[in-house]
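A.B. asks: Here you go, upload_37.tsv (TSV, C-alpha atoms):
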```tsv
chain	number	residue	atom	x	y	z
A	4	MET	CA	127.77	15.66	85.28
A	5	SER	CA	127.58	14.05	88.70
A	6	VAL	CA	128.22	15.76	91.98
A	7	PRO	CA	128.25	14.09	95.40
A	8	PHE	CA	124.75	14.12	96.84
A	9	ASP	CA	124.58	15.47	100.38
A	10	ASP	CA	120.88	15.65	101.24
A	11	THR	CA	120.48	14.14	104.69
A	12	ARG	CA	116.72	14.04	104.21
A	13	ALA	CA	117.15	11.31	101.58
A	14	PHE	CA	120.72	10.00	101.62
A	15	ASP	CA	123.77	10.22	103.86
A	16	GLN	CA	126.77	10.46	101.52
A	17	THR	CA	129.24	9.43	104.23
A	18	THR	CA	127.70	6.00	104.81
A	19	TRP	CA	127.68	3.07	102.38
A	20	ILE	CA	124.14	1.89	101.61
A	21	SER	CA	122.94	-1.36	100.07
A	22	PRO	CA	121.44	-1.50	96.58
A	23	ASP	CA	118.03	-2.36	98.10
A	24	GLU	CA	118.16	0.65	100.44
A	25	TYR	CA	119.21	2.90	97.53
A	26	LEU	CA	116.27	1.71	95.41
A	27	ALA	CA	113.79	2.25	98.25
A	28	ARG	CA	115.07	5.78	98.95
A	29	GLU	CA	115.36	6.65	95.26
A	30	ALA	CA	111.68	5.82	94.77
A	31	ALA	CA	110.78	8.44	97.38
A	32	SER	CA	113.34	11.06	96.32
A	33	PRO	CA	112.29	14.22	94.43
A	34	THR	CA	115.23	13.87	91.96
A	35	ARG	CA	117.29	11.10	90.33
A	36	HIS	CA	120.66	9.90	91.58
A	37	GLU	CA	123.48	7.59	90.59
A	38	TYR	CA	124.51	4.67	92.81
A	39	ILE	CA	128.21	3.82	92.53
A	40	ASP	CA	129.85	1.31	94.87
A	41	GLY	CA	127.44	2.10	97.70
A	42	LEU	CA	127.65	5.89	97.36
A	43	VAL	CA	124.89	8.12	95.97
A	44	TYR	CA	125.35	11.10	93.61
A	45	ALA	CA	122.83	13.66	92.35
A	46	MET	CA	122.27	13.41	88.60
A	47	VAL	CA	121.89	16.27	86.15
A	48	LEU	CA	122.47	15.93	82.38
A	49	VAL	CA	124.79	18.61	80.98
A	50	ALA	CA	125.35	19.19	77.25
A	51	GLN	CA	128.97	19.67	76.17
A	52	ALA	CA	128.47	21.48	72.86
A	53	ARG	CA	126.34	24.34	74.24
A	54	ARG	CA	125.05	25.74	77.54
A	55	HIS	CA	122.15	23.40	78.22
A	56	VAL	CA	121.12	21.31	81.24
A	57	SER	CA	118.23	18.84	81.50
A	58	HIS	CA	117.06	18.20	85.05
A	59	HIS	CA	114.78	15.16	85.42
A	60	ILE	CA	112.19	15.58	88.19
A	61	PRO	CA	109.59	12.98	89.24
A	62	THR	CA	105.96	14.10	89.45
A	63	PRO	CA	103.53	13.13	92.25
A	64	ASP	CA	101.66	10.80	89.87
A	65	GLY	CA	104.81	8.69	89.26
A	66	GLY	CA	105.67	10.29	85.93
A	67	TRP	CA	108.55	12.56	84.99
A	68	THR	CA	109.02	16.13	83.93
A	69	VAL	CA	112.17	17.64	82.46
A	70	GLN	CA	113.36	21.11	83.32
A	71	ASP	CA	115.51	22.37	80.43
A	72	VAL	CA	117.79	25.27	81.25
A	73	ALA	CA	119.83	27.05	78.56
A	74	GLY	CA	121.84	30.22	77.93
A	75	ASP	CA	122.25	32.28	81.09
A	76	GLY	CA	119.72	30.25	83.10
A	77	VAL	CA	119.80	28.87	86.61
A	78	VAL	CA	119.36	25.20	87.59
A	79	VAL	CA	117.21	24.84	90.71
A	80	LEU	CA	117.90	21.70	92.76
A	81	ASN	CA	115.08	21.66	95.30
A	82	SER	CA	116.17	18.39	96.89
A	83	VAL	CA	119.39	20.00	98.10
A	84	ALA	CA	118.02	23.55	98.45
A	85	ALA	CA	120.52	24.89	95.92
A	86	GLU	CA	120.70	26.91	92.73
A	87	ILE	CA	123.59	26.99	90.27
A	88	THR	CA	123.97	29.18	87.21
A	89	LEU	CA	124.92	27.75	83.86
A	90	ALA	CA	127.85	30.20	83.92
A	91	ASP	CA	129.13	28.39	87.02
A	92	ILE	CA	128.55	24.95	85.53
A	93	TYR	CA	130.37	25.87	82.33
A	94	HIS	CA	133.13	27.91	84.00
A	95	GLU	CA	136.39	27.33	82.07
A	96	VAL	CA	134.75	24.89	79.65
```
Any chance you could put this one into structure tokens?

C.D. replies:
Amino acid sequence: MSVPFDDTRAFDQTTWISPDEYLAREAASPTRHEYIDGLVYAMVLVAQARRHVSHHIPTPDGGWTVQDVAGDGVVVLNSVAAEITLADIYHEV
């Protein structure tokens, strides 16, 4: 599932950016994003067969951690100061 990314601290969704600028900003961003035709989208993996989301988060040492959320959980997206319940993600699915 991809949703438009609107975090002005890292990316400005209304302005096209070059691939080089995207890569530089992505390296410093607290979460992963997709780059499609100059636009940037936040990236969260959502299972289709059950209520389950995997949120990939970079660690300060350059590694990765995965936040798995299932059942009635809440996905916390710190980079955009937002929370969304799995019930909302899976609404009418």

A.B. asks: What is the distance, in Å and to one decimal place, between CA of Thr62 (chain A) and CA of Leu80 (chain A)?

C.D. replies: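 Value for the CA of Thr62 (chain A)-CA of Leu80 (chain A) distance: 14.5 Å.
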
A.B. asks: How many Å separate CA of Pro63 (chain A) from CA of Ile39 (chain A)?

C.D. replies: 26.4 Å

A.B. asks: A:Ile20, A:Leu26, A:Ile92, A:Ile87: which is nearest Val49 (chain A), counting all atoms listed in the file?

C.D. replies: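 The answer is A:Ile92, which sits nearest to Val49 (chain A).
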
A.B. asks: Mind giving me the straight-line distance from CA of His36 (chain A) to CA of Gly76 (chain A) in Å, one decimal?

C.D. replies: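 These two atoms are separated by 22.1 Å.
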
A.B. asks: Please determine, counting all atoms listed in the file, which residue among A:Pro22, A:Val83, A:Ala50, A:Thr88 has the shortest atom-to-atom distance to Tyr38 (chain A).

C.D. replies: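 Smallest separation from Tyr38 (chain A) among the options: A:Pro22.
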
A.B. asks: Just the residues within 9 Å of Trp19 (chain A), please, counting only C-alpha atoms, with nothing from its chain fewer than 4 positions along; format it as a PyMOL selection string.

C.D. replies: chain A and resi 15+40-43

A.B. asks: Pick out the residues sitting within 9 Å of His55 (chain A), and hand them over as number ranges by chain; count only C-alpha atoms, and ignore anything fewer than 6 positions along from it in its own chain.

C.D. replies: A: 48-49, 71-74, 76, 89

A.B. asks: Please supply region 56-79 of chain A, rebuilt with N, CA and C atoms, as a PDB file, keeping the file's coordinate frame.

C.D. replies:
```
ATOM      1  N   VAL A  56     121.236  22.320  80.197  1.00  0.00           N
ATOM      2  CA  VAL A  56     121.120  21.310  81.240  1.00  0.00           C
ATOM      3  C   VAL A  56     119.691  20.784  81.243  1.00  0.00           C
ATOM      4  N   SER A  57     119.543  19.467  81.343  1.00  0.00           N
ATOM      5  CA  SER A  57     118.230  18.840  81.500  1.00  0.00           C
ATOM      6  C   SER A  57     118.171  18.221  82.888  1.00  0.00           C
ATOM      7  N   HIS A  58     117.226  18.684  83.686  1.00  0.00           N
ATOM      8  CA  HIS A  58     117.060  18.200  85.050  1.00  0.00           C
ATOM      9  C   HIS A  58     115.787  17.366  85.098  1.00  0.00           C
ATOM     10  N   HIS A  59     115.912  16.080  85.385  1.00  0.00           N
ATOM     11  CA  HIS A  59     114.780  15.160  85.420  1.00  0.00           C
ATOM     12  C   HIS A  59     114.177  15.152  86.821  1.00  0.00           C
ATOM     13  N   ILE A  60     112.856  15.435  86.900  1.00  0.00           N
ATOM     14  CA  ILE A  60     112.190  15.580  88.190  1.00  0.00           C
ATOM     15  C   ILE A  60     110.937  14.694  88.187  1.00  0.00           C
ATOM     16  N   PRO A  61     110.803  13.805  89.191  1.00  0.00           N
ATOM     17  CA  PRO A  61     109.590  12.980  89.240  1.00  0.00           C
ATOM     18  C   PRO A  61     108.374  13.804  89.644  1.00  0.00           C
ATOM     19  N   THR A  62     107.219  13.421  89.120  1.00  0.00           N
ATOM     20  CA  THR A  62     105.960  14.100  89.450  1.00  0.00           C
ATOM     21  C   THR A  62     105.198  13.266  90.478  1.00  0.00           C
ATOM     22  N   PRO A  63     104.279  13.872  91.217  1.00  0.00           N
ATOM     23  CA  PRO A  63     103.530  13.130  92.250  1.00  0.00           C
ATOM     24  C   PRO A  63     102.778  11.915  91.722  1.00  0.00           C
ATOM     25  N   ASP A  64     102.407  11.930  90.433  1.00  0.00           N
ATOM     26  CA  ASP A  64     101.660  10.800  89.870  1.00  0.00           C
ATOM     27  C   ASP A  64     102.563   9.660  89.393  1.00  0.00           C
ATOM     28  N   GLY A  65     103.876   9.746  89.657  1.00  0.00           N
ATOM     29  CA  GLY A  65     104.810   8.690  89.260  1.00  0.00           C
ATOM     30  C   GLY A  65     105.445   8.910  87.907  1.00  0.00           C
ATOM     31  N   GLY A  66     105.071   9.978  87.221  1.00  0.00           N
ATOM     32  CA  GLY A  66     105.670  10.290  85.930  1.00  0.00           C
ATOM     33  C   GLY A  66     106.924  11.130  86.087  1.00  0.00           C
ATOM     34  N   TRP A  67     107.338  11.730  84.995  1.00  0.00           N
ATOM     35  CA  TRP A  67     108.550  12.560  84.990  1.00  0.00           C
ATOM     36  C   TRP A  67     108.298  13.851  84.247  1.00  0.00           C
ATOM     37  N   THR A  68     108.986  14.876  84.663  1.00  0.00           N
ATOM     38  CA  THR A  68     109.020  16.130  83.930  1.00  0.00           C
ATOM     39  C   THR A  68     110.492  16.499  83.760  1.00  0.00           C
ATOM     40  N   VAL A  69     110.790  17.219  82.709  1.00  0.00           N
ATOM     41  CA  VAL A  69     112.170  17.640  82.460  1.00  0.00           C
ATOM     42  C   VAL A  69     112.225  19.151  82.480  1.00  0.00           C
ATOM     43  N   GLN A  70     113.119  19.669  83.290  1.00  0.00           N
ATOM     44  CA  GLN A  70     113.360  21.110  83.320  1.00  0.00           C
ATOM     45  C   GLN A  70     114.584  21.368  82.458  1.00  0.00           C
ATOM     46  N   ASP A  71     114.398  22.009  81.313  1.00  0.00           N
ATOM     47  CA  ASP A  71     115.510  22.370  80.430  1.00  0.00           C
ATOM     48  C   ASP A  71     115.939  23.787  80.741  1.00  0.00           C
ATOM     49  N   VAL A  72     117.229  23.965  80.948  1.00  0.00           N
ATOM     50  CA  VAL A  72     117.790  25.270  81.250  1.00  0.00           C
ATOM     51  C   VAL A  72     118.888  25.542  80.223  1.00  0.00           C
ATOM     52  N   ALA A  73     118.852  26.725  79.600  1.00  0.00           N
ATOM     53  CA  ALA A  73     119.830  27.050  78.560  1.00  0.00           C
ATOM     54  C   ALA A  73     120.299  28.491  78.721  1.00  0.00           C
ATOM     55  N   GLY A  74     121.346  28.843  77.953  1.00  0.00           N
ATOM     56  CA  GLY A  74     121.840  30.220  77.930  1.00  0.00           C
ATOM     57  C   GLY A  74     122.395  30.671  79.262  1.00  0.00           C
ATOM     58  N   ASP A  75     121.797  31.724  79.812  1.00  0.00           N
ATOM     59  CA  ASP A  75     122.250  32.280  81.090  1.00  0.00           C
ATOM     60  C   ASP A  75     121.360  31.839  82.248  1.00  0.00           C
ATOM     61  N   GLY A  76     120.680  30.704  82.101  1.00  0.00           N
ATOM     62  CA  GLY A  76     119.720  30.250  83.100  1.00  0.00           C
ATOM     63  C   GLY A  76     120.332  29.747  84.392  1.00  0.00           C
ATOM     64  N   VAL A  77     119.431  29.368  85.288  1.00  0.00           N
ATOM     65  CA  VAL A  77     119.800  28.870  86.610  1.00  0.00           C
ATOM     66  C   VAL A  77     119.123  27.509  86.809  1.00  0.00           C
ATOM     67  N   VAL A  78     119.895  26.524  87.262  1.00  0.00           N
ATOM     68  CA  VAL A  78     119.360  25.200  87.590  1.00  0.00           C
ATOM     69  C   VAL A  78     118.966  25.219  89.058  1.00  0.00           C
ATOM     70  N   VAL A  79     117.716  24.873  89.336  1.00  0.00           N
ATOM     71  CA  VAL A  79     117.210  24.840  90.710  1.00  0.00           C
ATOM     72  C   VAL A  79     117.144  23.377  91.143  1.00  0.00           C
TER      73      VAL A  79
END
```
